[in-house]
Every structure is written in C-alpha cells, then in structure tokens.
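For reference, input_35.txt is printed below; it contains compact mmCIF, C-alpha atoms.
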```txt
# COMPACT_ATOMS: atom_id res chain seq x y z
CA MET A 86 0.00 0.00 0.00
CA ALA A 87 1.26 3.40 -0.93
CA LYS A 88 2.27 5.62 1.95
CA ILE A 89 0.53 8.97 2.20
CA LYS A 90 2.37 12.16 2.99
CA GLY A 91 0.29 15.10 4.10
CA SER A 92 0.70 18.81 4.38
CA ILE A 93 -1.50 21.51 5.91
CA VAL A 94 -1.98 25.18 5.16
CA VAL A 95 -3.46 27.38 7.90
CA ASN A 96 -5.41 30.52 7.00
CA VAL A 97 -3.65 32.44 9.74
CA GLU A 98 -5.91 35.50 9.79
CA LYS A 99 -9.08 33.43 10.25
CA CYS A 100 -7.67 31.32 13.10
CA LYS A 101 -9.06 32.12 16.60
CA GLY A 102 -6.57 29.94 18.46
CA CYS A 103 -9.12 27.53 19.98
CA GLU A 104 -6.50 24.71 19.87
CA VAL A 105 -9.04 22.06 18.85
CA CYS A 106 -6.90 21.03 15.84
CA MET A 107 -3.80 20.67 17.99
CA VAL A 108 -5.59 18.24 20.29
CA SER A 109 -7.11 16.28 17.39
CA CYS A 110 -3.82 15.74 15.53
CA PRO A 111 -2.71 12.11 16.07
CA THR A 112 0.93 12.77 15.20
CA GLY A 113 1.70 16.03 16.99
CA THR A 114 2.15 17.94 13.75
CA ILE A 115 0.31 21.06 14.91
CA ALA A 116 1.32 23.55 17.61
CA MET A 117 0.28 27.07 18.49
CA ALA A 118 2.51 29.85 17.18
CA LYS A 119 4.39 32.13 19.53
CA GLU A 120 3.32 35.13 17.43
CA VAL A 121 -0.25 36.40 17.10
CA ASN A 122 -2.33 37.14 13.99
CA GLY A 123 -4.02 40.43 13.08
CA LYS A 124 -6.81 39.86 15.60
CA GLY A 125 -4.37 38.98 18.37
CA TYR A 126 -4.86 35.22 18.50
CA TYR A 127 -2.03 32.68 18.83
CA TYR A 128 -2.70 30.78 15.60
CA ALA A 129 -2.16 27.10 14.77
CA TYR A 130 0.79 26.15 12.54
CA PRO A 131 2.47 22.93 11.37
CA ALA A 132 5.34 22.83 13.88
CA ASN A 133 6.43 19.36 12.74
CA PRO A 134 5.38 19.23 9.06
CA GLU A 135 7.26 16.00 8.40
CA MET A 136 4.94 14.20 10.84
CA CYS A 137 1.75 14.99 8.87
CA ILE A 138 -0.05 11.88 7.51
CA GLY A 139 -2.80 13.83 5.75
CA CYS A 140 -5.60 12.35 7.89
CA ALA A 141 -7.45 15.70 7.81
CA SER A 142 -8.66 15.35 11.42
CA CYS A 143 -7.61 18.94 12.03
CA ALA A 144 -9.56 20.27 9.06
CA MET A 145 -12.65 18.32 10.09
CA VAL A 146 -12.70 19.60 13.66
CA CYS A 147 -11.74 23.19 12.85
CA PRO A 148 -14.89 25.22 13.62
CA ASP A 149 -13.90 27.95 11.18
CA GLY A 150 -12.65 25.94 8.21
CA VAL A 151 -9.23 27.48 8.58
CA ILE A 152 -7.11 24.44 7.61
CA THR A 153 -6.59 23.04 4.10
CA VAL A 154 -5.03 19.56 3.84
CA TYR A 155 -3.01 18.30 0.85
CA LYS A 156 -2.20 14.61 0.39
CA THR A 157 0.32 12.88 -1.89
CA LYS A 158 1.06 9.19 -2.37
CA ILE A 159 4.74 8.31 -2.02
CA MET B 57 -41.63 31.87 5.80
CA GLU B 58 -39.67 28.95 7.24
CA LYS B 59 -36.77 29.63 9.52
CA GLU B 60 -33.39 29.13 7.89
CA LEU B 61 -30.78 26.86 9.50
CA ARG B 62 -27.17 28.03 9.31
CA LEU B 63 -23.82 27.20 10.96
CA MET B 64 -22.43 30.49 12.23
CA LYS B 65 -20.26 32.26 14.77
CA GLY B 66 -22.10 34.13 17.52
CA ASN B 67 -20.83 37.42 16.13
CA GLU B 68 -21.96 36.57 12.61
CA ALA B 69 -25.36 35.51 13.96
CA VAL B 70 -25.83 38.94 15.58
CA ALA B 71 -24.96 40.62 12.29
CA GLU B 72 -27.27 38.46 10.16
CA ALA B 73 -30.07 38.74 12.75
CA ALA B 74 -29.68 42.52 12.67
CA ILE B 75 -30.18 42.62 8.89
CA ARG B 76 -33.21 40.32 9.17
CA ALA B 77 -34.69 42.31 12.08
CA GLY B 78 -34.91 45.32 9.78
CA VAL B 79 -32.33 47.37 11.66
CA ASP B 80 -31.82 50.83 10.14
CA GLY B 81 -28.23 51.45 11.15
CA TYR B 82 -25.15 49.81 12.63
CA PHE B 83 -22.24 51.97 13.75
CA GLY B 84 -19.16 50.21 15.04
CA TYR B 85 -15.44 50.08 15.42
CA PRO B 86 -13.31 46.93 15.23
CA ILE B 87 -12.03 45.20 18.34
CA THR B 88 -11.32 41.53 18.98
CA PRO B 89 -13.32 39.41 19.84
CA GLN B 90 -16.33 41.16 18.23
CA SER B 91 -14.85 42.33 14.90
CA GLU B 92 -16.78 39.70 12.93
CA ILE B 93 -20.01 41.66 13.51
CA LEU B 94 -18.66 44.64 11.58
CA GLU B 95 -16.83 42.44 9.06
CA TYR B 96 -19.94 40.36 8.31
CA LEU B 97 -22.13 43.45 7.89
CA MET B 98 -19.59 45.14 5.63
CA GLU B 99 -19.39 42.07 3.41
CA ALA B 100 -23.17 41.52 3.38
CA ASN B 101 -23.65 45.18 2.37
CA PRO B 102 -27.31 45.38 3.46
CA ALA B 103 -27.53 48.94 2.10
CA GLU B 104 -28.36 47.32 -1.23
CA SER B 105 -30.91 44.83 0.12
CA THR B 106 -32.75 46.34 3.10
CA GLY B 107 -31.26 49.83 3.03
CA MET B 108 -29.54 49.31 6.40
CA VAL B 109 -26.63 51.67 6.95
CA VAL B 110 -23.39 50.01 8.10
CA LEU B 111 -20.63 52.39 9.04
CA GLN B 112 -17.21 52.02 10.60
CA ALA B 113 -16.92 55.15 12.71
CA GLU B 114 -13.62 56.85 13.51
CA SER B 115 -13.83 55.68 17.12
CA GLU B 116 -16.11 53.99 19.63
CA VAL B 117 -17.14 57.40 20.96
CA ALA B 118 -18.22 58.48 17.47
CA ALA B 119 -20.09 55.21 16.96
CA ILE B 120 -22.21 55.53 20.13
CA ASN B 121 -23.04 59.15 19.32
CA MET B 122 -24.15 58.13 15.83
CA VAL B 123 -26.43 55.63 17.60
CA TYR B 124 -27.70 58.51 19.78
CA GLY B 125 -28.53 60.53 16.68
CA GLY B 126 -30.15 57.65 14.84
CA ALA B 127 -32.20 56.64 17.88
CA ALA B 128 -33.41 60.24 18.32
CA CYS B 129 -34.89 59.98 14.80
CA GLY B 130 -36.87 56.92 15.89
CA LYS B 131 -34.72 54.49 13.92
CA LYS B 132 -33.67 51.00 14.95
CA VAL B 133 -29.95 51.50 15.52
CA MET B 134 -27.24 49.49 17.18
CA THR B 135 -23.55 49.28 17.93
CA SER B 136 -21.22 46.61 19.22
CA SER B 137 -17.82 46.41 20.83
CA SER B 138 -15.79 44.51 23.38
CA SER B 139 -14.95 45.57 26.93
CA PRO B 140 -12.42 48.43 26.41
CA GLY B 141 -14.58 49.81 23.59
CA ILE B 142 -17.72 49.65 25.73
CA SER B 143 -15.86 51.65 28.40
CA LEU B 144 -15.31 54.35 25.78
CA LYS B 145 -19.01 54.32 24.90
CA GLN B 146 -20.20 54.85 28.48
CA GLU B 147 -20.75 58.61 28.21
CA GLY B 148 -22.97 58.13 25.16
CA ILE B 149 -24.84 55.26 26.81
CA SER B 150 -25.64 57.45 29.82
CA TYR B 151 -26.87 60.23 27.49
CA ILE B 152 -29.07 57.78 25.56
CA ALA B 153 -30.54 56.45 28.83
CA GLY B 154 -31.05 60.05 29.99
CA ALA B 155 -32.76 60.99 26.73
CA GLU B 156 -34.92 57.84 26.97
CA LEU B 157 -34.03 56.46 23.56
CA PRO B 158 -34.15 52.86 22.34
CA CYS B 159 -31.04 51.17 20.95
CA LEU B 160 -29.13 47.91 21.12
CA ILE B 161 -25.54 47.70 22.34
CA VAL B 162 -23.66 44.40 22.07
CA ASN B 163 -20.71 43.74 24.39
CA VAL B 164 -18.61 40.66 23.52
CA VAL B 165 -16.69 40.67 26.78
CA ARG B 166 -12.94 40.00 26.99
CA GLY B 167 -10.61 39.81 29.96
CA GLY B 168 -9.76 43.07 31.75
CA PRO B 169 -9.02 45.48 33.28
CA GLY B 170 -7.44 47.85 30.78
CA LEU B 171 -6.63 46.31 27.43
CA GLY B 172 -6.51 42.96 29.24
CA THR B 173 -6.73 39.92 26.99
CA ILE B 174 -8.84 38.95 23.99
CA GLN B 175 -10.12 35.74 25.54
CA PRO B 176 -13.62 35.38 27.08
CA ALA B 177 -14.46 36.82 30.50
CA GLN B 178 -17.52 38.02 32.42
CA SER B 179 -15.88 40.84 34.31
CA ASP B 180 -18.13 43.58 32.87
CA TYR B 181 -21.15 42.61 35.00
CA PHE B 182 -20.94 45.63 37.31
CA GLN B 183 -20.42 47.97 34.35
CA SER B 184 -23.47 46.55 32.56
CA VAL B 185 -25.88 46.12 35.44
CA LYS B 186 -24.94 48.75 38.00
CA GLY B 187 -24.30 51.67 35.71
CA GLY B 188 -21.02 52.10 33.89
CA GLY B 189 -21.85 55.65 32.91
CA HIS B 190 -22.92 58.44 35.25
CA GLY B 191 -26.33 59.04 36.76
CA ASP B 192 -29.16 56.94 38.15
CA TYR B 193 -29.91 54.80 35.13
CA HIS B 194 -30.23 51.16 34.18
CA LEU B 195 -29.84 49.28 30.94
CA ILE B 196 -31.95 46.23 30.21
CA VAL B 197 -29.23 43.56 30.11
CA LEU B 198 -29.70 40.32 28.15
CA ALA B 199 -27.14 37.53 28.62
CA PRO B 200 -27.09 34.99 25.76
CA ALA B 201 -25.65 31.51 26.39
CA SER B 202 -25.68 30.25 22.80
CA VAL B 203 -25.26 31.42 19.22
CA GLN B 204 -29.03 30.97 18.83
CA GLU B 205 -29.66 33.40 21.67
CA MET B 206 -27.20 35.91 20.25
CA ALA B 207 -29.37 35.94 17.13
CA ASP B 208 -32.71 35.88 18.97
CA PHE B 209 -31.79 38.66 21.39
CA VAL B 210 -31.35 41.16 18.56
CA ASP B 211 -35.10 41.06 17.93
CA LEU B 212 -35.96 40.78 21.62
CA GLY B 213 -33.53 43.59 22.42
CA PHE B 214 -35.19 46.00 20.02
CA GLU B 215 -38.65 44.95 21.18
CA LEU B 216 -37.78 45.79 24.80
CA ALA B 217 -35.83 48.91 23.84
CA PHE B 218 -38.81 50.39 21.98
CA LYS B 219 -41.35 49.18 24.54
CA TYR B 220 -39.57 51.00 27.38
CA ARG B 221 -37.64 53.66 25.41
CA ASN B 222 -34.49 52.39 27.06
CA PRO B 223 -31.12 51.18 25.75
CA VAL B 224 -30.68 47.40 25.82
CA LEU B 225 -27.29 45.76 26.30
CA MET B 226 -26.56 42.26 25.05
CA LEU B 227 -23.83 40.97 27.39
CA SER B 228 -22.12 38.17 25.50
CA ASP B 229 -18.51 37.05 25.80
CA GLY B 230 -15.54 36.04 23.69
CA ALA B 231 -16.52 32.36 23.81
CA ILE B 232 -20.09 32.68 22.52
CA GLY B 233 -19.08 35.38 20.04
CA GLN B 234 -16.42 33.13 18.51
CA MET B 235 -18.24 29.82 18.89
CA MET B 236 -19.67 28.08 15.80
CA GLU B 237 -23.13 26.58 16.32
CA LYS B 238 -26.25 25.92 14.35
CA VAL B 239 -28.69 28.76 14.43
CA TYR B 240 -32.23 29.20 13.14
CA LEU B 241 -32.65 32.60 11.57
CA GLY B 242 -36.02 34.29 11.27
CA PRO B 243 -37.51 35.73 8.08
CA GLN B 244 -36.56 39.15 6.75
CA LYS B 245 -38.53 41.92 8.44
CA GLU B 246 -39.16 45.30 6.89
CA ARG B 247 -37.52 48.39 8.30
CA LEU B 248 -39.69 50.82 10.26
CA LYS B 249 -41.94 52.96 8.10
CA VAL B 250 -43.94 54.67 10.83
CA PHE B 251 -41.97 56.36 13.59
CA ALA B 252 -42.86 56.87 17.25
CA ASP B 253 -44.55 60.12 18.26
CA TRP B 254 -41.47 61.23 20.23
CA ALA B 255 -39.07 60.86 17.28
CA THR B 256 -37.48 63.94 15.74
CA THR B 257 -38.68 63.40 12.20
CA GLY B 258 -39.57 67.01 11.35
CA LYS B 259 -42.41 69.06 12.83
CA PRO B 260 -45.81 68.66 11.18
CA ASP B 261 -48.66 71.15 11.81
CA THR B 262 -50.46 68.64 14.01
CA ARG B 263 -48.08 68.69 17.01
CA ASP B 264 -45.41 70.69 18.82
CA ARG B 265 -41.82 70.05 17.91
CA ASN B 266 -40.11 67.11 19.60
CA ILE B 267 -36.99 67.82 21.60
CA ILE B 268 -34.54 65.07 22.54
CA THR B 269 -32.19 66.01 25.36
CA SER B 270 -30.80 64.70 28.63
CA LEU B 271 -30.28 68.21 30.03
CA ASP B 272 -32.52 70.02 32.51
CA LEU B 273 -31.00 73.06 34.22
CA ASP B 274 -33.84 73.10 36.77
CA PRO B 275 -33.01 70.56 39.52
CA ASN B 276 -36.69 70.26 40.47
CA GLY B 277 -37.54 69.19 36.95
CA GLN B 278 -34.59 66.81 36.91
CA GLU B 279 -35.73 65.22 40.16
CA ILE B 280 -39.21 64.64 38.74
CA PHE B 281 -37.64 63.14 35.62
CA ASN B 282 -35.42 60.87 37.73
CA HIS B 283 -38.45 59.60 39.67
CA LYS B 284 -40.15 58.88 36.34
CA LEU B 285 -37.09 56.88 35.23
CA GLN B 286 -37.09 54.91 38.49
CA GLU B 287 -40.79 54.11 38.04
CA LYS B 288 -39.96 52.79 34.57
CA TYR B 289 -37.17 50.59 35.98
CA ASN B 290 -39.61 49.22 38.57
CA VAL B 291 -42.07 48.31 35.82
CA ILE B 292 -39.20 46.56 34.01
CA ARG B 293 -38.26 44.72 37.24
CA GLU B 294 -41.87 43.60 37.58
CA ASN B 295 -42.47 42.45 34.00
CA GLU B 296 -39.26 41.53 32.21
CA VAL B 297 -37.37 39.08 34.44
CA ARG B 298 -36.22 36.12 32.36
CA PHE B 299 -34.34 33.06 33.58
CA GLU B 300 -33.96 29.35 32.94
CA GLU B 301 -33.81 26.52 35.46
CA PHE B 302 -32.01 23.22 34.97
CA GLN B 303 -32.72 20.31 37.33
CA THR B 304 -33.77 22.52 40.24
CA GLY B 305 -36.85 20.39 41.10
CA ASP B 306 -35.14 18.16 43.67
CA ALA B 307 -31.95 20.21 44.06
CA GLU B 308 -30.30 20.65 47.45
CA TYR B 309 -27.57 22.91 46.09
CA LEU B 310 -27.70 25.51 43.34
CA PHE B 311 -25.36 27.01 40.76
CA VAL B 312 -26.23 30.52 39.62
CA ALA B 313 -24.44 31.32 36.36
CA TYR B 314 -25.09 33.18 33.11
CA GLY B 315 -23.68 33.01 29.57
CA THR B 316 -20.68 30.75 29.01
CA SER B 317 -20.46 29.90 32.73
CA ALA B 318 -24.05 28.60 32.63
CA ARG B 319 -23.09 26.19 29.85
CA VAL B 320 -20.12 25.00 31.90
CA CYS B 321 -22.37 24.59 34.95
CA GLN B 322 -24.90 22.54 32.99
CA LYS B 323 -22.14 19.92 32.57
CA SER B 324 -21.15 20.37 36.22
CA VAL B 325 -24.73 19.55 37.26
CA GLN B 326 -24.51 16.26 35.33
CA LEU B 327 -21.07 15.41 36.80
CA ALA B 328 -22.19 16.21 40.36
CA ARG B 329 -25.39 14.18 40.01
CA GLU B 330 -23.33 11.18 38.84
CA GLN B 331 -21.59 11.48 42.23
CA GLY B 332 -24.92 11.65 44.04
CA ILE B 333 -24.92 15.40 44.70
CA LYS B 334 -28.32 16.90 43.98
CA VAL B 335 -27.48 20.21 42.38
CA GLY B 336 -29.42 22.42 39.99
CA LEU B 337 -28.69 25.47 37.88
CA LEU B 338 -30.44 28.80 37.64
CA ARG B 339 -29.38 30.80 34.60
CA PRO B 340 -30.41 34.45 34.63
CA ILE B 341 -31.22 35.50 31.05
CA THR B 342 -31.89 39.10 32.06
CA LEU B 343 -29.20 40.43 34.40
CA PHE B 344 -31.15 43.64 34.82
CA PRO B 345 -33.82 42.92 35.91
CA PHE B 346 -32.27 40.14 38.01
CA PRO B 347 -34.33 37.05 39.01
CA THR B 348 -34.19 38.10 42.67
CA LYS B 349 -37.63 36.79 43.58
CA ARG B 350 -37.05 33.30 42.19
CA ILE B 351 -33.65 32.91 43.89
CA ASN B 352 -35.22 34.01 47.16
CA GLU B 353 -38.01 31.43 46.74
CA LEU B 354 -35.45 28.68 46.15
CA THR B 355 -33.71 29.37 49.48
CA GLY B 356 -36.53 27.33 51.08
CA GLN B 357 -35.26 24.08 49.52
CA ILE B 358 -31.58 24.89 48.78
CA LYS B 359 -28.78 24.49 51.35
CA GLY B 360 -26.15 26.59 49.57
CA ILE B 361 -25.45 28.50 46.36
CA LEU B 362 -22.30 28.63 44.26
CA SER B 363 -22.26 31.73 42.06
CA VAL B 364 -20.12 30.82 39.05
CA GLU B 365 -18.84 33.59 36.77
CA MET B 366 -15.63 34.32 34.89
CA SER B 367 -14.85 37.26 37.16
CA ALA B 368 -13.57 37.87 40.69
CA GLY B 369 -17.17 37.86 41.96
CA GLN B 370 -19.58 40.49 40.64
CA MET B 371 -22.97 38.82 40.09
CA ILE B 372 -22.57 37.23 43.53
CA GLU B 373 -23.57 40.60 45.05
CA ASP B 374 -27.01 40.36 43.43
CA VAL B 375 -27.29 36.71 44.50
CA LEU B 376 -26.42 37.70 48.08
CA LEU B 377 -29.09 40.42 48.03
CA ALA B 378 -31.64 37.92 46.73
CA VAL B 379 -30.72 35.30 49.37
CA ASN B 380 -30.70 37.94 52.12
CA GLY B 381 -28.51 35.92 54.49
CA LYS B 382 -30.75 32.83 54.56
CA ILE B 383 -28.20 30.34 53.18
CA PRO B 384 -24.45 30.41 52.41
CA VAL B 385 -23.40 31.83 49.04
CA ARG B 386 -19.88 31.49 47.64
CA HIS B 387 -18.20 32.57 44.43
CA PHE B 388 -16.12 30.56 41.99
CA GLY B 389 -14.60 31.63 38.71
CA ARG B 390 -11.43 31.89 36.66
CA LEU B 391 -10.10 35.30 35.67
CA GLY B 392 -8.47 37.21 32.85
CA GLY B 393 -9.74 35.14 29.91
CA ILE B 394 -9.60 31.59 31.27
CA VAL B 395 -12.81 29.56 30.95
CA THR B 396 -13.76 27.54 34.02
CA THR B 397 -13.93 23.75 33.54
CA PRO B 398 -16.96 21.72 34.72
CA GLU B 399 -14.72 19.57 36.96
CA GLU B 400 -13.30 22.65 38.74
CA VAL B 401 -16.84 23.84 39.48
CA VAL B 402 -17.85 20.49 41.01
CA GLU B 403 -14.67 20.40 43.13
CA ASN B 404 -15.37 23.91 44.35
CA LEU B 405 -18.97 23.02 45.20
CA LYS B 406 -17.69 20.15 47.33
CA THR B 407 -15.04 22.13 49.19
CA ASN B 408 -16.71 25.54 49.52
CA ILE B 409 -20.42 24.76 49.87
CA ILE B 410 -20.90 21.15 50.92
CA GLY B 411 -17.69 20.87 52.96
CA GLY B 412 -17.61 24.51 54.10
```

Render the structure in this file as structure tokens.
Amino acid sequence: MAKIKGSIVVNVEKCKGCEVCMVSCPTGTIAMAKEVNGKGYYYAYPANPEMCIGCASCAMVCPDGVITVYKTKI
Amino acid sequence: MEKELRLMKGNEAVAEAAIRAGVDGYFGYPITPQSEILEYLMEANPAESTGMVVLQAESEVAAINMVYGGAACGKKVMTSSSSPGISLKQEGISYIAGAELPCLIVNVVRGGPGLGTIQPAQSDYFQSVKGGGHGDYHLIVLAPASVQEMADFVDLGFELAFKYRNPVLMLSDGAIGQMMEKVYLGPQKERLKVFADWATTGKPDTRDRNIITSLDLDPNGQEIFNHKLQEKYNVIRENEVRFEEFQTGDAEYLFVAYGTSARVCQKSVQLAREQGIKVGLLRPITLFPFPTKRINELTGQIKGILSVEMSAGQMIEDVLLAVNGKIPVRHFGRLGGIVTTPEEVVENLKTNIIGG
C-alpha cells in the first residue's frame, strides 16, 4: 500500500486559536505559534510538518474551516 | 416563511439577525473578539438589500453618538464592541438612557481590566448592570448563552428597547461570540416605516416640535424626571425578568451562572449528580432585571449556592441580596480570559459549599 504524505496550510488571519486542531492531531504535527495574527490570536501552525499523515482530522474539527489539507502518495 | 438553518459564529449571527430584524443602522469600530459583527455586515452590504446603513466610525465614541442621533430619529440603531470599547461608549450610553431612547448595544466581553486579553471573561457585569456611565440609570441587560440566543436577542432587544424607550445591552462574551453553532434565523422583516410620536422626524402642523435632550437646568424638573425613570425601571423589574432553570426540582444545592459559565455549569450539574450530589442550575437570562424573587423562593429548599462567573465575583452581590442571608453563598470563577472547567466547578462546590 502506498504511503501517504500530508501537508496543511493554515489561514492564519481566520484562526481564533481555539486549539481544537492541535488536540485532534494524532501525530503532533500542529502547535500554536508564539506570534499572534491580526486579531491577536495565537494561531495554529504545522510545527512538525514532516509528521503529517494527511488524515485531515484537524480540518474536520476546525470550527472555522481554517485548515486546508493536501495529500500525496509516495 | 420557514426559519433558515445556518452554521455560524455568535458574532456573525448577531450581524445576520440585525439585517433580518430590519435594523436601520449599525455603527461600530473593530475590536477583537467582536470584529466579525462589523466584518460580516460590511461584506453583506445590506444597504443594497434592506437599506440598512453600516458604518465604521472613527472611534467607539463616534459610533455611540451616531447611535444617539439615529435613535433620536426613531430608527432601529445598534452598535457593538468589546470591553475596552464599551468603556469608551459609556458617556454616550448614559446620554441615551437620559434621553430615553431605544437602541441595542452588544458587548462581547474580553478579559480586563485595561486592554486585558482577547479571551472570554464576564468581568463587565458591574459595568453593565450597576451603571457604567454616570447618573441613576439602568440598561436592560440580556445575557445569551448560545449562538441561537445571540441571534434571537437582537429582535428581543429592540422589542424591549422600543417598549420602554431604554437602551438594551446584550452581554455576551468572547466564547459565545467566537463559537460556531447551528442557528435558526427568522424571516426578513421590513424596516420601520412609521416612527414613534417622540421621534425627531420634522415638525408637522399637528403637534409641537419634539426635543430630545438629557439636560434640565432646573433641579426640580430633573428630580421629577429621575423619579419617572425609576418608576420605569420598577415596571421593568416587575415584568421583564427572564431566567432558565435546569434540574432545580429536587436540588439541594444551586449554581447561579449566566452566559458561558451557565453552559459549563450545565455539565457540572450532570457530573455532580453522577456522584450523588443533587445540584441544579439557575441561569439568569436578564441580568437587569435580576431574578431576585425566584432565587429568594429557592432558598426554602436549597442548602447553599455557588455563584459561578468568569470574574472575581460580581454577580454574587445580586445573588447575596436575593438570598438575604438565609443560606451560604460562595463565588467561583477563573479570571483574565480563562474559561472555568466543569470539573473545577464540582470540586469547588464540594469544598466551599458542601464541605464549608
């Protein structure tokens, strides 16, 4: 079976820093940034991008549809 | 027309509900965590659909005075902000209360004092309920606990504001404002076509000119006016108390909590009951007028009350007045933008009320 490598893109300005994605990530890919966005929220970002398996759990739980997930077979 | 089901943020729900309620004007200024109200309205551009004016003022002070002007013309007008912005609006709010004008003010509360944080808090209770601005006045204060209520209270807010010619404050917080939930939205209402007889819409031959002011240089006249205001507040206290009870029927202990804290406490009631503690929840929906009478009635069956709010203890003063020394009342809450967890509340009930 082909292995799947994933990658996420966070719409930083729409993120409200609720941390739900961080908790839902099974591989610890996501962390909260040390900087804030335009509204003042500590936004989510892929701290360990190499860990992403493209499961899209984060995108599914994100209340604001902030995260886009890309998957490639390798 | 059927109600429409949407998934929205609390802030977006207020904005959409305002368009559908036939509001004439919204005047605001951005501040986290309420900026989505202004952003949603700007994007929706209701000027082209309903004719509603949406304007980003140069400051919060300008915004509230635009509301004052719009309200004086008998229009349905509103503004919104978060805690520091509401502090800036206080002078205008006092003037609007003094001029007896209807309007809706939305406060999506964040942690204070000062600039504080942008996370949810409930530390603006005193400001909302006890005054905030100068003079002997009260706002009618509605405290939503869901996105649905944030939408519903726009209509209810204007209904009460026009009924009593009094500003209405919707006291939400950064959690409900930012939370996504399903919400049923009502049908589109038309904007007002006929204006109240006190509105400054131009003098016809049939009546004297209307004057809107909060100034009376004669102290005797001002005293009479103040008594009239107090009579109005008493009528509001008598007729407009709203609250919700959750499992109070057989309760031996009681949580009193509003807004986000009430939602936390609903879970705490379940957790405590699993441990055999009979506890109920009373959620004030109107904070002014406060459900004093009902809380006092409950002291007959309740052994102790935990007042839960995300503040250092503000609403507890009204709970204490309602209880009038009959049973112990304690406060619990996290501060500065931290939301209390249901487990913490149960632990505190055990140590401070049952154990203490």

Name the closest residue to chain B among the candidates A:Met107, A:Ile138, A:Ile93, A:Lys101; distances are taken between atoms, counting only C-alpha atoms. A:Lys101

Taking (-6.3, 39.5, 16.1) in the file's coordinates, which residues come within 8 Å, counting all atoms listed in the file, written as a VMD selection string? (chain A and resid 98 101 121 to 126) or (chain B and resid 88 to 89)

Sel. within 12 Å of pt (-4.7, 40.7, 24.6), counting only C-alpha atoms, output as an mmCIF file with C-alpha atoms, keeping the file's coordinate frame:
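Writing done, so here's selection.cif:
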```
data_model
loop_
_atom_site.group_PDB
_atom_site.id
_atom_site.type_symbol
_atom_site.label_atom_id
_atom_site.label_comp_id
_atom_site.auth_asym_id
_atom_site.auth_seq_id
_atom_site.Cartn_x
_atom_site.Cartn_y
_atom_site.Cartn_z
ATOM 1 C CA VAL A 121 -0.250 36.400 17.100
ATOM 2 C CA ASN A 122 -2.330 37.140 13.990
ATOM 3 C CA GLY A 123 -4.020 40.430 13.080
ATOM 4 C CA LYS A 124 -6.810 39.860 15.600
ATOM 5 C CA GLY A 125 -4.370 38.980 18.370
ATOM 6 C CA TYR A 126 -4.860 35.220 18.500
ATOM 7 C CA TYR A 127 -2.030 32.680 18.830
ATOM 8 C CA ILE B 87 -12.030 45.200 18.340
ATOM 9 C CA THR B 88 -11.320 41.530 18.980
ATOM 10 C CA PRO B 89 -13.320 39.410 19.840
ATOM 11 C CA SER B 138 -15.790 44.510 23.380
ATOM 12 C CA SER B 139 -14.950 45.570 26.930
ATOM 13 C CA PRO B 140 -12.420 48.430 26.410
ATOM 14 C CA ARG B 166 -12.940 40.000 26.990
ATOM 15 C CA GLY B 167 -10.610 39.810 29.960
ATOM 16 C CA GLY B 168 -9.760 43.070 31.750
ATOM 17 C CA PRO B 169 -9.020 45.480 33.280
ATOM 18 C CA GLY B 170 -7.440 47.850 30.780
ATOM 19 C CA LEU B 171 -6.630 46.310 27.430
ATOM 20 C CA GLY B 172 -6.510 42.960 29.240
ATOM 21 C CA THR B 173 -6.730 39.920 26.990
ATOM 22 C CA ILE B 174 -8.840 38.950 23.990
ATOM 23 C CA GLN B 175 -10.120 35.740 25.540
ATOM 24 C CA PRO B 176 -13.620 35.380 27.080
ATOM 25 C CA GLY B 230 -15.540 36.040 23.690
ATOM 26 C CA GLY B 392 -8.470 37.210 32.850
ATOM 27 C CA GLY B 393 -9.740 35.140 29.910
#
```

Neighbour list for A:Met136 as a short mmCIF file (atom, residue, chain, number, x, y, z; two decimals) with C-alpha atoms, in the coordinates of the input, cut-off 12 Å, all atoms listed in the file, skip fewer than 6 positions in-chain:
```
data_model
loop_
_atom_site.label_atom_id
_atom_site.label_comp_id
_atom_site.auth_asym_id
_atom_site.auth_seq_id
_atom_site.Cartn_x
_atom_site.Cartn_y
_atom_site.Cartn_z
CA ILE A 89 0.53 8.97 2.20
CA LYS A 90 2.37 12.16 2.99
CA GLY A 91 0.29 15.10 4.10
CA SER A 92 0.70 18.81 4.38
CA ILE A 93 -1.50 21.51 5.91
CA CYS A 110 -3.82 15.74 15.53
CA PRO A 111 -2.71 12.11 16.07
CA THR A 112 0.93 12.77 15.20
CA GLY A 113 1.70 16.03 16.99
CA THR A 114 2.15 17.94 13.75
CA ILE A 115 0.31 21.06 14.91
#
```

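Reported to one decimal place, the separation of atom CA of B:Met226 from atom CA of B:Glu205 is 10.0 Å.
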
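Taking atom CA of B:Leu405 and atom CA of B:Val185 as endpoints, the distance between them is 26.0 Å.
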
If you count all atoms listed in the file, the residue of B:Ala231, B:Ala128, B:Val401, B:Val239 closest to chain A turns out to be B:Ala231

Mind filling out stretch 151-164 of chain B with N, CA and C atoms and sending it as a CSV table (one decimal), keeping the file's coordinate frame?
```csv
chain,number,residue,atom,x,y,z
B,151,TYR,N,-26.1,59.2,28.2
B,151,TYR,CA,-26.9,60.2,27.5
B,151,TYR,C,-28.1,59.6,26.9
B,152,ILE,N,-27.9,58.4,26.2
B,152,ILE,CA,-29.1,57.8,25.6
B,152,ILE,C,-30.1,57.4,26.6
B,153,ALA,N,-29.6,56.8,27.7
B,153,ALA,CA,-30.5,56.4,28.8
B,153,ALA,C,-31.2,57.7,29.4
B,154,GLY,N,-30.5,58.8,29.5
B,154,GLY,CA,-31.0,60.0,30.0
B,154,GLY,C,-32.1,60.7,29.0
B,155,ALA,N,-31.8,60.5,27.7
B,155,ALA,CA,-32.8,61.0,26.7
B,155,ALA,C,-33.9,60.0,26.4
B,156,GLU,N,-33.9,58.9,27.1
B,156,GLU,CA,-34.9,57.8,27.0
B,156,GLU,C,-35.1,57.4,25.5
B,157,LEU,N,-34.0,56.9,25.0
B,157,LEU,CA,-34.0,56.5,23.6
B,157,LEU,C,-33.8,55.0,23.5
B,158,PRO,N,-34.4,54.3,22.5
B,158,PRO,CA,-34.2,52.9,22.3
B,158,PRO,C,-32.9,52.6,21.4
B,159,CYS,N,-32.1,51.6,21.8
B,159,CYS,CA,-31.0,51.2,21.0
B,159,CYS,C,-30.5,49.8,21.5
B,160,LEU,N,-29.7,49.2,20.7
B,160,LEU,CA,-29.1,47.9,21.1
B,160,LEU,C,-27.6,48.1,21.1
B,161,ILE,N,-27.0,47.7,22.2
B,161,ILE,CA,-25.5,47.7,22.3
B,161,ILE,C,-25.1,46.3,22.6
B,162,VAL,N,-24.1,45.8,21.9
B,162,VAL,CA,-23.7,44.4,22.1
B,162,VAL,C,-22.3,44.5,22.6
B,163,ASN,N,-22.0,43.8,23.8
B,163,ASN,CA,-20.7,43.7,24.4
B,163,ASN,C,-20.2,42.3,24.4
B,164,VAL,N,-19.2,42.0,23.6
B,164,VAL,CA,-18.6,40.7,23.5
B,164,VAL,C,-17.4,40.7,24.5
```
